[in-house]
Structure formats: C-alpha cells, structure tokens
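A.B. asks: Dropping in model28.cif, with mmCIF, C-alpha atoms.
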```
data_model
loop_
_atom_site.label_atom_id
_atom_site.label_comp_id
_atom_site.auth_asym_id
_atom_site.auth_seq_id
_atom_site.Cartn_x
_atom_site.Cartn_y
_atom_site.Cartn_z
CA MET U 1 2.99 19.81 -15.53
CA ASP U 2 4.93 22.29 -13.41
CA LEU U 3 7.73 23.41 -15.69
CA ASP U 4 9.46 25.51 -13.03
CA ARG U 5 9.53 22.61 -10.59
CA LEU U 6 10.93 20.28 -13.27
CA PHE U 7 13.73 22.66 -14.20
CA ARG U 8 14.56 23.22 -10.53
CA ALA U 9 14.73 19.44 -9.99
CA LEU U 10 17.02 19.04 -13.00
CA ALA U 11 19.23 22.01 -12.11
CA ASP U 12 21.25 19.87 -9.67
CA PRO U 13 24.03 17.65 -11.11
CA THR U 14 23.60 14.95 -8.44
CA ARG U 15 19.90 14.66 -9.25
CA ARG U 16 20.63 14.42 -12.98
CA ARG U 17 23.13 11.65 -12.23
CA MET U 18 20.52 9.82 -10.16
CA LEU U 19 18.22 9.81 -13.19
CA ASP U 20 21.11 8.50 -15.32
CA GLU U 21 21.64 5.67 -12.83
CA LEU U 22 17.94 4.78 -12.89
CA ALA U 23 18.03 4.79 -16.68
CA GLU U 24 20.92 2.31 -16.40
CA ARG U 25 18.94 0.08 -14.01
CA ASP U 26 15.39 0.98 -13.06
CA GLY U 27 13.79 0.11 -9.73
CA GLN U 28 16.72 0.66 -7.36
CA THR U 29 16.54 0.93 -3.58
CA LEU U 30 18.07 3.90 -1.77
CA PHE U 31 20.99 1.64 -0.81
CA GLU U 32 21.82 0.64 -4.39
CA LEU U 33 21.53 4.20 -5.70
CA HIS U 34 23.78 5.41 -2.90
CA VAL U 35 26.46 2.77 -3.55
CA ARG U 36 26.35 3.54 -7.27
CA LEU U 37 26.72 7.28 -6.75
CA ILE U 38 29.66 6.98 -4.37
CA SER U 39 31.49 4.15 -6.14
CA TRP U 40 31.07 5.24 -9.77
CA HIS U 41 31.13 8.97 -9.42
CA GLY U 42 33.14 9.42 -6.22
CA ALA U 43 30.40 11.70 -4.94
CA SER U 44 30.59 12.36 -1.21
CA LEU U 45 26.94 12.10 -0.44
CA SER U 46 25.16 11.03 2.74
CA ARG U 47 22.13 8.76 2.60
CA GLN U 48 20.12 11.58 4.19
CA ALA U 49 21.10 13.96 1.40
CA LEU U 50 20.28 11.32 -1.19
CA SER U 51 16.90 10.84 0.44
CA LYS U 52 16.16 14.57 0.06
CA HIS U 53 17.23 14.51 -3.60
CA LEU U 54 14.88 11.56 -4.17
CA GLN U 55 12.04 13.55 -2.64
CA VAL U 56 12.66 16.54 -4.93
CA LEU U 57 12.68 14.26 -7.99
CA GLU U 58 9.51 12.50 -6.86
CA GLU U 59 7.68 15.80 -6.20
CA ALA U 60 8.65 16.98 -9.67
CA GLY U 61 7.16 13.77 -11.08
CA LEU U 62 10.48 12.50 -12.42
CA LEU U 63 10.40 9.31 -10.40
CA ARG U 64 7.85 7.15 -8.69
CA THR U 65 8.28 4.72 -5.82
CA GLU U 66 6.87 1.26 -5.41
CA TRP U 67 6.94 -1.01 -2.37
CA ARG U 68 7.99 -4.55 -3.18
CA TRP U 69 7.49 -6.68 -0.10
CA ARG U 70 9.01 -4.38 2.53
CA SER U 71 11.54 -2.45 0.42
CA LYS U 72 10.97 0.79 -1.45
CA HIS U 73 12.14 0.85 -5.07
CA HIS U 74 12.56 3.93 -7.29
CA PHE U 75 11.51 4.08 -10.93
CA LEU U 76 12.31 6.70 -13.55
CA GLU U 77 9.29 8.57 -14.95
CA ARG U 78 10.05 9.59 -18.52
CA SER U 79 6.77 11.32 -19.41
CA PRO U 80 7.55 14.71 -17.76
CA LEU U 81 10.81 14.82 -19.76
CA ARG U 82 8.88 14.24 -22.98
CA GLN U 83 6.33 16.91 -21.95
CA MET U 84 9.08 19.44 -21.24
CA TRP U 85 10.41 18.75 -24.70
CA ASP U 86 7.00 18.91 -26.41
CA VAL U 87 5.61 21.92 -24.57
CA TRP U 88 8.57 24.23 -24.32
CA MET U 89 11.82 22.97 -25.81
CA ARG U 90 10.79 21.60 -29.18
CA PRO U 91 8.82 24.69 -30.28
CA LEU U 92 11.94 26.68 -29.49
CA ALA U 93 14.54 24.26 -30.83
CA GLU U 94 12.62 23.11 -33.89
CA PRO U 95 10.08 25.70 -35.11
CA ALA U 96 7.18 23.86 -36.77
CA GLU U 97 6.92 23.66 -40.54
CA LYS U 98 3.70 25.75 -40.48
CA GLU U 99 5.40 28.63 -38.69
CA LYS U 100 8.20 28.63 -41.25
CA VAL U 101 5.64 28.66 -44.10
CA ASP U 102 3.77 31.53 -42.40
CA ALA U 103 6.99 33.48 -42.02
CA ASP U 104 7.79 32.98 -45.70
CA GLN U 105 4.24 34.05 -46.63
CA ASP U 106 4.56 37.21 -44.50
CA ARG U 107 7.72 38.14 -46.34
CA ARG U 108 6.03 37.64 -49.75
CA ASP U 109 2.99 39.66 -48.62
CA GLU U 110 5.09 42.64 -47.74
CA PRO U 111 4.47 45.47 -50.25
CA ALA U 112 7.32 45.63 -52.75
CA GLY U 113 9.59 48.65 -52.79
CA ARG U 114 8.65 49.79 -49.32
CA MET R 115 47.37 -12.58 21.78
CA PRO R 116 45.35 -9.99 19.85
CA ILE R 117 41.59 -9.71 20.16
CA LYS R 118 39.90 -11.89 17.55
CA ILE R 119 36.49 -11.88 15.88
CA VAL R 120 34.87 -15.12 17.08
CA VAL R 121 31.13 -14.47 16.83
CA THR R 122 29.12 -11.99 14.82
CA SER R 123 25.36 -11.79 15.15
CA LEU R 124 22.22 -11.25 13.14
CA LEU R 125 18.85 -10.42 14.72
CA VAL R 126 16.22 -12.86 13.47
CA ASP R 127 12.47 -13.00 14.08
CA ASP R 128 12.38 -16.81 14.48
CA GLN R 129 15.43 -18.93 15.28
CA GLU R 130 14.08 -22.19 13.84
CA LYS R 131 13.12 -20.48 10.56
CA ALA R 132 16.50 -18.75 10.51
CA LEU R 133 18.31 -22.08 10.99
CA ARG R 134 16.44 -23.51 8.02
CA PHE R 135 17.31 -20.53 5.87
CA TYR R 136 20.97 -20.11 6.81
CA ARG R 137 21.78 -23.85 6.97
CA ASP R 138 19.52 -25.33 4.30
CA MET R 139 19.41 -22.48 1.77
CA LEU R 140 22.75 -20.69 2.22
CA GLY R 141 24.70 -23.83 3.16
CA PHE R 142 26.24 -22.77 6.50
CA GLU R 143 26.99 -25.53 9.04
CA LEU R 144 25.55 -25.78 12.55
CA LYS R 145 28.17 -25.20 15.25
CA HIS R 146 26.28 -24.67 18.52
CA ASP R 147 22.64 -25.19 19.42
CA ILE R 148 22.35 -24.69 23.17
CA PRO R 149 18.98 -24.14 24.92
CA MET R 150 18.87 -20.81 26.78
CA GLY R 151 15.49 -20.21 28.40
CA HIS R 152 12.93 -19.53 25.67
CA HIS R 153 15.66 -19.27 23.07
CA ARG R 154 18.84 -20.96 21.86
CA TRP R 155 22.50 -20.05 21.53
CA LEU R 156 22.48 -20.86 17.85
CA THR R 157 25.63 -20.42 15.76
CA LEU R 158 26.75 -21.53 12.32
CA THR R 159 30.05 -21.51 10.46
CA SER R 160 31.05 -21.29 6.82
CA PRO R 161 31.00 -24.65 5.03
CA GLY R 162 34.26 -26.57 5.61
CA GLU R 163 35.47 -24.08 8.27
CA PRO R 164 34.21 -25.42 11.62
CA GLU R 165 36.83 -23.41 13.51
CA GLY R 166 36.07 -20.19 11.63
CA VAL R 167 34.03 -17.15 12.68
CA GLU R 168 30.59 -18.09 13.99
CA LEU R 169 27.36 -16.44 12.90
CA LEU R 170 25.02 -16.09 15.87
CA LEU R 171 21.30 -16.12 15.02
CA GLU R 172 19.95 -14.00 17.84
CA PRO R 173 16.26 -13.30 18.65
CA ASP R 174 15.13 -9.76 17.72
CA GLU R 175 13.01 -9.35 20.85
CA HIS R 176 14.28 -5.96 21.98
CA PRO R 177 11.56 -3.36 21.24
CA ALA R 178 13.97 -1.25 19.21
CA ALA R 179 15.09 -4.18 17.03
CA LYS R 180 12.07 -4.48 14.74
CA PRO R 181 11.69 -0.76 13.88
CA TRP R 182 15.44 -0.62 13.20
CA LYS R 183 15.35 -3.71 10.97
CA SER R 184 12.27 -2.45 9.10
CA ALA R 185 13.88 0.92 8.43
CA LEU R 186 16.98 -0.75 6.96
CA VAL R 187 14.89 -3.08 4.79
CA ALA R 188 12.75 -0.16 3.53
CA ASP R 189 15.86 1.58 2.21
CA GLY R 190 17.35 -1.65 0.87
CA ILE R 191 20.28 -1.61 3.33
CA PRO R 192 21.79 -5.02 4.12
CA ALA R 193 22.29 -6.11 7.75
CA THR R 194 25.57 -7.76 6.78
CA SER R 195 27.58 -9.01 3.84
CA PHE R 196 28.91 -12.48 2.97
CA GLY R 197 31.62 -13.36 0.49
CA VAL R 198 31.04 -15.58 -2.56
CA GLU R 199 33.23 -16.68 -5.46
CA ASP R 200 30.61 -16.06 -8.12
CA VAL R 201 27.72 -13.68 -7.40
CA HIS R 202 25.91 -14.50 -10.64
CA ALA R 203 25.97 -18.25 -9.92
CA GLU R 204 24.75 -17.73 -6.33
CA HIS R 205 22.01 -15.36 -7.51
CA LYS R 206 20.81 -17.97 -9.99
CA ARG R 207 20.95 -20.79 -7.43
CA LEU R 208 19.18 -18.85 -4.65
CA ALA R 209 16.57 -17.27 -6.94
CA GLY R 210 15.86 -20.81 -8.17
CA LEU R 211 15.16 -21.81 -4.54
CA GLY R 212 12.64 -18.95 -4.26
CA VAL R 213 14.85 -16.39 -2.47
CA ALA R 214 13.70 -12.81 -3.20
CA PHE R 215 16.39 -10.34 -4.32
CA THR R 216 16.06 -6.57 -3.84
CA GLN R 217 19.14 -6.10 -6.03
CA PRO R 218 20.30 -8.50 -8.74
CA PRO R 219 24.06 -8.79 -9.34
CA VAL R 220 25.50 -5.34 -10.06
CA HIS R 221 29.13 -4.63 -10.89
CA LEU R 222 30.37 -1.71 -8.77
CA GLY R 223 34.06 -0.92 -9.07
CA PRO R 224 36.12 -3.62 -7.30
CA VAL R 225 33.12 -5.81 -6.42
CA THR R 226 29.98 -7.38 -7.81
CA THR R 227 27.18 -7.47 -5.25
CA ALA R 228 23.60 -8.65 -4.90
CA VAL R 229 21.11 -8.24 -2.05
CA PHE R 230 18.40 -10.67 -0.91
CA ASP R 231 15.75 -11.09 1.80
CA ASP R 232 16.63 -13.66 4.50
CA THR R 233 12.90 -14.18 5.39
CA CYS R 234 13.79 -13.32 9.02
CA GLY R 235 13.53 -9.54 8.70
CA ASN R 236 16.96 -8.77 7.19
CA LEU R 237 18.50 -8.03 3.84
CA ILE R 238 21.81 -9.79 3.17
CA GLN R 239 24.44 -8.73 0.67
CA ILE R 240 26.68 -11.20 -1.14
CA ALA R 241 29.87 -9.79 -2.63
CA GLN R 242 32.50 -11.08 -5.02
CA ARG R 243 35.86 -9.30 -5.20
CA HIS R 244 37.51 -8.93 -8.60
#
```
Just give me the structure as structure tokens.
C.D. replies:
Amino acid sequence: MDLDRLFRALADPTRRRMLDELAERDGQTLFELHVRLISWHGASLSRQALSKHLQVLEEAGLLRTEWRWRSKHHFLERSPLRQMWDVWMRPLAEPAEKEKVDADQDRRDEPAGR
Amino acid sequence: MPIKIVVTSLLVDDQEKALRFYRDMLGFELKHDIPMGHHRWLTLTSPGEPEGVELLLEPDEHPAAKPWKSALVADGIPATSFGVEDVHAEHKRLAGLGVAFTQPPVHLGPVTTAVFDDTCGNLIQIAQRH
C-alpha cells in the first residue's frame, strides 16, 4: 500500500465525490459518472478531466475497471481505505488498549517523590 | 417556412439486424425501405406517428465510423436518446427481451435515464422527463 499515493488521490474534492457516486451505485461507465457529477453537483468538468481523475484513482488502487461486453465499468475498491485506517489512522485516532495499559504502568513505575 | 428536422440517422453495422431490433424490439414502424446499391434507404418512425421525424438506419461503412462508435461504447456514451413515458417499465420490458443495459434507470435531476446496447454497435439512451 502506497500511503502517499492514496492521500494524494483523496486530496481532490472531485475525486472524493467520484468515490461517493460509486458508493451510491457501483459499476458506472465514464458517461454515467460524468452525468452524475455535472447534474447533481453542478461541477463543470470535461470528460477528459474526468478520465484523468479516474486514472489517478485507479493507480492509487481505489477503483478497478471491468469490461462488460464492449463498455468499461468502474468499481469502488474499499480495501485500501480500510488499510489506511488500520495502518495509520486508527493507531493515531484510537490508541490500542495495550498502549494505554503500558502508559499507566510506566507512570506507576516512576520512583515516588522524584 | 423554417427548416425542419425530417431525418436523423444512426450508423449500424447491419441494416437487416438493425431493422429487427428497432422495429421488433423497440416498436418503431417502417416508413421507407428503398434499395440503394448494396444497401437500403431504411427509415422508421415513432409508433402512431407516420408523418413524424424519421430515423435513418445507415450503414457504418466509412473507415472512421467503427473506431468512433467503439470509443463511444467503451466510455458508455449513447449515440442518441429516445423519449419514453416510463423508463422503469421500458427497462423491465427490454431487459426481459434480452436487451443488455450499461446503465439501469437512474434518476438525475429533471430526468430518469437508462442506457442499452442496440446490438448494432451503438448505445442508446431512453429518457423520461419529470
């Protein structure tokens, strides 16, 4: 997992919205995603720009594509999001029980009256 | 008299197959079927509107036609759009006949749309206004 690449992919509001739209309905074509973005969010976005955003998300592992007959469909990949949470965010946001116990132990082990 | 839209065309890979799809599956009515060399001047109209706009099913023989059509299909972009009263009902009816949809009915602002494969190298959108 490339954490830097994931955060860079998610640093753009249009790309985050694209993931929201795929969470709403997975497996969209470029056309459907484009119509959704411009009609629901009023985003002024060309298909070419959308295509580049899709590439960034795919390279970061946040979506995968699948050809069905002759059309390309885009699917949300949730596992990198869970890995980001497990590897970096959760340890920071929710320190594990063991670490809290260790910290308490350290305080008790400190010589009294120092 | 102003200029009017009389004929609009779709590029199809096989006119006979296209006639079967657009007449027998979608329900359009044959207007003209005139032999023209290897091909036909083949037009259809909306059901019950024989004097309405004609849809010309034109051969996609030009060398640029197929790459262009394939590129649109790859990105899910419809070649044209037809109007329906009830997208959900049409989706159910056509899917029941074996028509493949790249997009099931989706409500998008003032319209609900769906997109299907016409078996002749195009995607077609159907749209219902609210």
A.B. asks: Write out, as CSV, each residue of chain U that has an atom at most 8 Å from chain R, together with the closest pair of atoms and their distance in Å to one decimal, counting all atoms listed in the file, rows going by chain and rising number.
C.D. replies:
```
residue,atom,partner,partner_atom,distance
U:Gln28,CA,R:Gln217,CA,7.3
U:Thr29,CA,R:Gly190,CA,5.2
U:Leu30,CA,R:Asp189,CA,5.1
U:Phe31,CA,R:Gly190,CA,5.2
U:Glu32,CA,R:Gly190,CA,7.3
U:Val35,CA,R:Leu222,CA,7.9
U:Arg36,CA,R:Leu222,CA,6.8
U:Ser39,CA,R:Gly223,CA,6.4
U:Trp40,CA,R:Gly223,CA,6.9
U:Arg70,CA,R:Ala188,CA,5.7
U:Ser71,CA,R:Ala188,CA,4.0
U:Lys72,CA,R:Ala188,CA,5.4
```
A.B. asks: Could you please determine the separation between CA of Leu170 in chain R and CA of Asp147 in chain R in Å, to one decimal place?
C.D. replies: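 A separation of 10.1 Å between them.
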A.B. asks: Pick the closest to Glu165 in chain R from R:Ala178, R:Val121, R:Cys234, R:Val198: which is it, counting all atoms listed in the file?
C.D. replies: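 Nearest candidate to Glu165 in chain R out of R:Ala178, R:Val121, R:Cys234, R:Val198: R:Val121.
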A.B. asks: What is the CA of Leu76 in chain U-CA of Ser46 in chain U distance in Å, reported with one decimal?
C.D. replies: 21.2 Å
A.B. asks: Apply the PyMOL selection byres ((chain U and resi 79-83) around 10) to the structure shown and report the selected residues as a PyMOL selection string.
C.D. replies: chain U and resi 1-3+6+60-63+76-78+84-90
A.B. asks: Could you check how far CA of Leu37 in chain U sits from CA of Lys206 in chain R, in Å to one decimal?
C.D. replies: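 Going from CA of Leu37 in chain U over to CA of Lys206 in chain R, I get 26.1 Å.
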A.B. asks: Counting all atoms listed in the file, which of R:His205, R:Thr122, R:His153, R:Arg243 gets nearest to Asp174 in chain R?
C.D. replies: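 The answer is R:His153, which sits nearest to Asp174 in chain R.
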A.B. asks: R:Met150, R:Val225, R:Ile238, R:Ala203: which is nearest Phe135 in chain R, counting only C-alpha atoms?
C.D. replies: R:Ile238
A.B. asks: Evaluate the PyMOL selection byres ((chain R and resi 119) around 12) on the structure here and hand back the selected residues as a list in words.
C.D. replies: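 In the shown coordinates, the PyMOL selection byres ((chain R and resi 119) around 12) covers Pro116, Ile117, Lys118, Val120, Val121, Thr122, Ser123, Glu165, Gly166, Val167, Glu168 and Leu169 of chain R.
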A.B. asks: Tell me which residues the PyMOL selection byres ((chain R and resi 171) around 9) grabs here, as a PyMOL selection string.
C.D. replies: chain R and resi 122-126+128-129+132-133+154-158+169-170+172-173
